[in-house]
Amino acid sequence: MNFKIVDLIIFNKWLSKPFKKIEYDIDYKFKNIIYKEVKYSNIILELGGASRPMLHKEDERYKYVGIDIDSSFDSEKYYDLYFCQSIEKSFPLKADLIFSKYLMEHVRNVEISFLNQYEALSSNGKAIHLYPLGYHPFSIANKLLGNENVKKLIPFIKKGSEGYTGYPAFYTLGNSYSLEKFFIKKGIKAEFYYHYGAVDYFSFFFPFALVITLFNFLCKILNLKFFASNVIVVFSKCNDNINKL
């Protein structure tokens with residue numbers, strides 16, 4: 001029976017390939033933004049990178065610093081400096097660039113973290129984050145199923161990602177309205193790039209992939225940011241006139 005189920009999933013993934021190919025690559029856009037900012041940064045702080053950092057410490061153009069709650073790996077192999085702590089706490093140093101990839105949805109108090117990051121940015125520094133929002137069908141399903149059930153399903157719906165997915169997601173500030181309102185209220189200059197995707201998570205069953213593709217297309221055409229699957233948030237340290245929580 002299991003063998004037949006696996007075969008069925010493989011067949012559905014094959015049918016769903018065209019939908020995955022036409023989906024805009026938000027990861028590629030994120031990487032381009034990061035690599036552009038790296039050129040102007042002397043101290044770079046990656047949040048949540050742990051043993052899978054995006055950059056390399058061997059690059060002499062910058063000092064590469066990591067912050068994460070994981071202490072189970074050799075941090076000296078990946079970072080010039082590493083701090084094992086929550087990003088909900090004050091940061092131990094200033095940085096020209098602070099970034100994370102698929103981390104902020106797992107942070108319970110995103111508001112405090114964003115404020116800590118703002119305080120840790122050097123003059124004209126930038127913070128850049130890519131992460132999923134909370135009202136796309138994938139995120140809603142993730143919340144309804146619960147973390148334990150999601151972890152059991154991951155080997156079937158996205159095999160090979162077990163080591164870096166399946167953590168509890170809170171989706172704080174998890175929609176365009178509350179997210180943008182937060183930055184406006186705090187007087188922080190920010191840009192938002194919304195994405196409509198996550199088809200890969202539904203490709204295990206072709207009809208689901210088809211429905212999600214149509215849903216994403218409709219939301220994008222109508223600019224329904226509230227239902228976006230992901231967002232890239234870019235905010236800058238342009239002044240010190242910030243209203244504290």
# chains A, B, ... in the order shown; residues from 1 in each chain; ligands from 1
>>> residues_around(residues="Glu191 of chain A", least_positions_apart="3", cutoff="9 Å", atoms="only C-alpha atoms", output="ChimeraX atom specification")
/A:180,232-235
>>> residues_around(residues="segment 199-211 of chain A", least_positions_apart="5", cutoff="6 Å", atoms="only C-alpha atoms", output="PyMOL selection string")
chain A and resi 9+12-13+16+157
>>> write_last_selection(atoms="N, CA and C atoms", output="CSV table (one decimal), in the first residue's frame")
chain,number,residue,atom,x,y,z
A,9,ILE,N,2.1,9.8,-5.5
A,9,ILE,CA,2.6,11.1,-5.2
A,9,ILE,C,3.6,11.5,-6.3
A,12,ASN,N,1.8,12.5,-9.4
A,12,ASN,CA,1.2,13.8,-9.2
A,12,ASN,C,2.2,14.9,-9.3
A,13,LYS,N,3.3,14.7,-8.7
A,13,LYS,CA,4.4,15.7,-8.7
A,13,LYS,C,4.9,15.9,-10.2
A,16,SER,N,2.4,18.1,-11.9
A,16,SER,CA,2.4,19.4,-11.3
A,16,SER,C,3.6,20.2,-11.7
A,157,ILE,N,5.2,15.1,1.2
A,157,ILE,CA,4.9,16.2,0.3
A,157,ILE,C,6.1,17.0,-0.1
>>> select_by_dssp(residues="segment 15-219 of chain A", states="alpha helix (DSSP H)", output="PyMOL selection string")
chain A and resi 15-22+26-38+110-120+137-145+147-157+176-186+206-219
>>> atom_distance(atom1="atom CA of Pro92 of chain A", atom2="atom CA of Ser51 of chain A")
20.0 Å
>>> closest_residue(among="A:Tyr131, A:Phe215, A:Phe192, A:Phe114", to="Ser90 of chain A", atoms="only C-alpha atoms")
A:Phe114
>>> closest_residue(among="A:Leu144, A:Cys219, A:Ile184, A:Leu97", to="Ile33 of chain A", atoms="only C-alpha atoms")
A:Leu97
>>> select_by_dssp(residues="segment 9-219 of chain A", states="strand (DSSP E)", output="JSON, numbers by chain")
{"A": [43, 44, 45, 46, 47, 63, 64, 65, 66, 67, 68, 81, 82, 83, 84, 95, 96, 97, 98, 99, 100, 101, 121, 122, 123, 124, 125, 126, 127, 128, 129, 130, 131, 132, 190, 191, 192, 193, 194, 195]}
>>> residues_around(residues="Phe182 of chain A", least_positions_apart="2", cutoff="12 Å", atoms="only C-alpha atoms", output="PyMOL selection string")
chain A and resi 110-112+114-115+172-180+184-190+235+242-245
>>> residues_around(residues="Val38 of chain A", least_positions_apart="4", cutoff="9 Å", atoms="only C-alpha atoms", output="MDAnalysis selection string")
chainID A and resid 33:34 42 44 61:62 96:97
>>> write_last_selection(atoms="N, CA and C atoms", output="mmCIF file, in the first residue's frame")
data_model
loop_
_atom_site.group_PDB
_atom_site.id
_atom_site.type_symbol
_atom_site.label_atom_id
_atom_site.label_comp_id
_atom_site.auth_asym_id
_atom_site.auth_seq_id
_atom_site.Cartn_x
_atom_site.Cartn_y
_atom_site.Cartn_z
ATOM 1 N N ILE A 33 18.978 40.612 -3.846
ATOM 2 C CA ILE A 33 18.935 41.772 -2.954
ATOM 3 C C ILE A 33 20.055 41.683 -1.921
ATOM 4 N N ILE A 34 20.234 40.493 -1.346
ATOM 5 C CA ILE A 34 21.279 40.295 -0.333
ATOM 6 C C ILE A 34 22.660 40.531 -0.933
ATOM 7 N N ASN A 42 30.162 46.136 5.914
ATOM 8 C CA ASN A 42 31.384 45.683 6.594
ATOM 9 C C ASN A 42 31.091 44.618 7.648
ATOM 10 N N ILE A 44 28.067 41.927 8.709
ATOM 11 C CA ILE A 44 26.835 41.292 8.258
ATOM 12 C C ILE A 44 26.359 40.311 9.317
ATOM 13 N N ARG A 61 35.772 40.801 2.579
ATOM 14 C CA ARG A 61 35.109 42.099 2.439
ATOM 15 C C ARG A 61 34.305 42.464 3.687
ATOM 16 N N TYR A 62 33.938 41.482 4.499
ATOM 17 C CA TYR A 62 33.051 41.741 5.635
ATOM 18 C C TYR A 62 33.342 40.776 6.779
ATOM 19 N N ASP A 96 25.825 46.408 9.507
ATOM 20 C CA ASP A 96 25.410 47.172 8.328
ATOM 21 C C ASP A 96 24.290 46.453 7.579
ATOM 22 N N LEU A 97 24.256 45.132 7.707
ATOM 23 C CA LEU A 97 23.232 44.315 7.046
ATOM 24 C C LEU A 97 22.799 43.211 7.997
#
>>> residues_around(residues="Cys84 of chain A", least_positions_apart="3", cutoff="8 Å", atoms="only C-alpha atoms", output="list in words")
Ile67, Asp68, Ile69, Asp70 and Ser71 of chain A
>>> write_last_selection(atoms="C-alpha atoms", output="PDB file, in the first residue's frame")
ATOM      1  CA  ILE A  67      22.685  34.588  15.746  1.00  0.00           C
ATOM      2  CA  ASP A  68      20.572  31.498  16.405  1.00  0.00           C
ATOM      3  CA  ILE A  69      19.337  29.350  19.291  1.00  0.00           C
ATOM      4  CA  ASP A  70      21.193  26.290  17.951  1.00  0.00           C
ATOM      5  CA  SER A  71      24.448  25.497  19.781  1.00  0.00           C
TER       6      SER A  71
END
>>> atom_distance(atom1="atom CA of Phe19 of chain A", atom2="atom CA of Phe138 of chain A")
15.6 Å
>>> atom_distance(atom1="atom CA of Tyr194 of chain A", atom2="atom CA of Lys36 of chain A")
19.4 Å
>>> decode(residues="segment 197-224 of chain A", atoms="N, CA and C atoms", output="PDB file, in the first residue's frame")
ATOM      1  N   GLY A 197       2.880  31.994  -4.145  1.00  0.00           N
ATOM      2  CA  GLY A 197       3.485  30.734  -4.574  1.00  0.00           C
ATOM      3  C   GLY A 197       3.125  29.565  -3.681  1.00  0.00           C
ATOM      4  N   ALA A 198       4.154  28.808  -3.260  1.00  0.00           N
ATOM      5  CA  ALA A 198       4.009  27.611  -2.410  1.00  0.00           C
ATOM      6  C   ALA A 198       3.354  26.440  -3.128  1.00  0.00           C
ATOM      7  N   VAL A 199       3.349  26.468  -4.465  1.00  0.00           N
ATOM      8  CA  VAL A 199       2.754  25.366  -5.235  1.00  0.00           C
ATOM      9  C   VAL A 199       3.452  24.051  -4.934  1.00  0.00           C
ATOM     10  N   ASP A 200       4.752  24.113  -4.655  1.00  0.00           N
ATOM     11  CA  ASP A 200       5.530  22.901  -4.405  1.00  0.00           C
ATOM     12  C   ASP A 200       4.938  22.064  -3.281  1.00  0.00           C
ATOM     13  N   TYR A 201       4.361  22.713  -2.279  1.00  0.00           N
ATOM     14  CA  TYR A 201       3.796  21.987  -1.145  1.00  0.00           C
ATOM     15  C   TYR A 201       2.489  21.274  -1.495  1.00  0.00           C
ATOM     16  N   PHE A 202       1.894  21.638  -2.611  1.00  0.00           N
ATOM     17  CA  PHE A 202       0.636  21.023  -3.031  1.00  0.00           C
ATOM     18  C   PHE A 202       0.799  20.105  -4.238  1.00  0.00           C
ATOM     19  N   SER A 203       2.038  19.983  -4.722  1.00  0.00           N
ATOM     20  CA  SER A 203       2.266  19.214  -5.951  1.00  0.00           C
ATOM     21  C   SER A 203       2.093  17.710  -5.765  1.00  0.00           C
ATOM     22  N   PHE A 204       1.988  17.252  -4.510  1.00  0.00           N
ATOM     23  CA  PHE A 204       1.780  15.825  -4.264  1.00  0.00           C
ATOM     24  C   PHE A 204       0.417  15.349  -4.758  1.00  0.00           C
ATOM     25  N   PHE A 205      -0.502  16.330  -5.028  1.00  0.00           N
ATOM     26  CA  PHE A 205      -1.829  15.990  -5.539  1.00  0.00           C
ATOM     27  C   PHE A 205      -2.191  17.026  -6.600  1.00  0.00           C
ATOM     28  N   PHE A 206      -2.167  16.640  -7.839  1.00  0.00           N
ATOM     29  CA  PHE A 206      -2.301  17.552  -8.972  1.00  0.00           C
ATOM     30  C   PHE A 206      -3.484  18.518  -8.859  1.00  0.00           C
ATOM     31  N   PRO A 207      -4.700  18.041  -8.493  1.00  0.00           N
ATOM     32  CA  PRO A 207      -5.819  18.999  -8.377  1.00  0.00           C
ATOM     33  C   PRO A 207      -5.547  20.125  -7.385  1.00  0.00           C
ATOM     34  N   PHE A 208      -4.861  19.807  -6.271  1.00  0.00           N
ATOM     35  CA  PHE A 208      -4.500  20.854  -5.307  1.00  0.00           C
ATOM     36  C   PHE A 208      -3.553  21.866  -5.944  1.00  0.00           C
ATOM     37  N   ALA A 209      -2.555  21.363  -6.657  1.00  0.00           N
ATOM     38  CA  ALA A 209      -1.579  22.250  -7.311  1.00  0.00           C
ATOM     39  C   ALA A 209      -2.260  23.158  -8.323  1.00  0.00           C
ATOM     40  N   LEU A 210      -3.229  22.619  -9.051  1.00  0.00           N
ATOM     41  CA  LEU A 210      -3.973  23.408 -10.026  1.00  0.00           C
ATOM     42  C   LEU A 210      -4.778  24.506  -9.344  1.00  0.00           C
ATOM     43  N   VAL A 211      -5.479  24.163  -8.280  1.00  0.00           N
ATOM     44  CA  VAL A 211      -6.307  25.137  -7.554  1.00  0.00           C
ATOM     45  C   VAL A 211      -5.441  26.242  -6.954  1.00  0.00           C
ATOM     46  N   ILE A 212      -4.299  25.863  -6.344  1.00  0.00           N
ATOM     47  CA  ILE A 212      -3.415  26.852  -5.732  1.00  0.00           C
ATOM     48  C   ILE A 212      -2.804  27.771  -6.779  1.00  0.00           C
ATOM     49  N   THR A 213      -2.461  27.215  -7.932  1.00  0.00           N
ATOM     50  CA  THR A 213      -1.917  28.033  -9.021  1.00  0.00           C
ATOM     51  C   THR A 213      -2.932  29.074  -9.467  1.00  0.00           C
ATOM     52  N   LEU A 214      -4.184  28.661  -9.625  1.00  0.00           N
ATOM     53  CA  LEU A 214      -5.247  29.596 -10.017  1.00  0.00           C
ATOM     54  C   LEU A 214      -5.501  30.625  -8.924  1.00  0.00           C
ATOM     55  N   PHE A 215      -5.482  30.174  -7.674  1.00  0.00           N
ATOM     56  CA  PHE A 215      -5.675  31.078  -6.539  1.00  0.00           C
ATOM     57  C   PHE A 215      -4.573  32.140  -6.509  1.00  0.00           C
ATOM     58  N   ASN A 216      -3.326  31.710  -6.656  1.00  0.00           N
ATOM     59  CA  ASN A 216      -2.197  32.643  -6.656  1.00  0.00           C
ATOM     60  C   ASN A 216      -2.301  33.650  -7.793  1.00  0.00           C
ATOM     61  N   PHE A 217      -2.679  33.152  -8.975  1.00  0.00           N
ATOM     62  CA  PHE A 217      -2.802  34.023 -10.140  1.00  0.00           C
ATOM     63  C   PHE A 217      -3.869  35.092  -9.905  1.00  0.00           C
ATOM     64  N   LEU A 218      -5.006  34.674  -9.358  1.00  0.00           N
ATOM     65  CA  LEU A 218      -6.093  35.614  -9.093  1.00  0.00           C
ATOM     66  C   LEU A 218      -5.679  36.659  -8.060  1.00  0.00           C
ATOM     67  N   CYS A 219      -5.029  36.223  -6.988  1.00  0.00           N
ATOM     68  CA  CYS A 219      -4.598  37.144  -5.937  1.00  0.00           C
ATOM     69  C   CYS A 219      -3.571  38.142  -6.459  1.00  0.00           C
ATOM     70  N   LYS A 220      -2.694  37.684  -7.319  1.00  0.00           N
ATOM     71  CA  LYS A 220      -1.669  38.565  -7.879  1.00  0.00           C
ATOM     72  C   LYS A 220      -2.288  39.600  -8.799  1.00  0.00           C
ATOM     73  N   ILE A 221      -3.197  39.157  -9.675  1.00  0.00           N
ATOM     74  CA  ILE A 221      -3.846  40.067 -10.617  1.00  0.00           C
ATOM     75  C   ILE A 221      -4.666  41.129  -9.881  1.00  0.00           C
ATOM     76  N   LEU A 222      -5.359  40.719  -8.814  1.00  0.00           N
ATOM     77  CA  LEU A 222      -6.224  41.633  -8.063  1.00  0.00           C
ATOM     78  C   LEU A 222      -5.483  42.352  -6.932  1.00  0.00           C
ATOM     79  N   ASN A 223      -4.183  42.072  -6.815  1.00  0.00           N
ATOM     80  CA  ASN A 223      -3.352  42.685  -5.777  1.00  0.00           C
ATOM     81  C   ASN A 223      -3.903  42.420  -4.372  1.00  0.00           C
ATOM     82  N   LEU A 224      -4.299  41.161  -4.144  1.00  0.00           N
ATOM     83  CA  LEU A 224      -4.816  40.763  -2.833  1.00  0.00           C
ATOM     84  C   LEU A 224      -3.644  40.365  -1.939  1.00  0.00           C
TER      85      LEU A 224
END
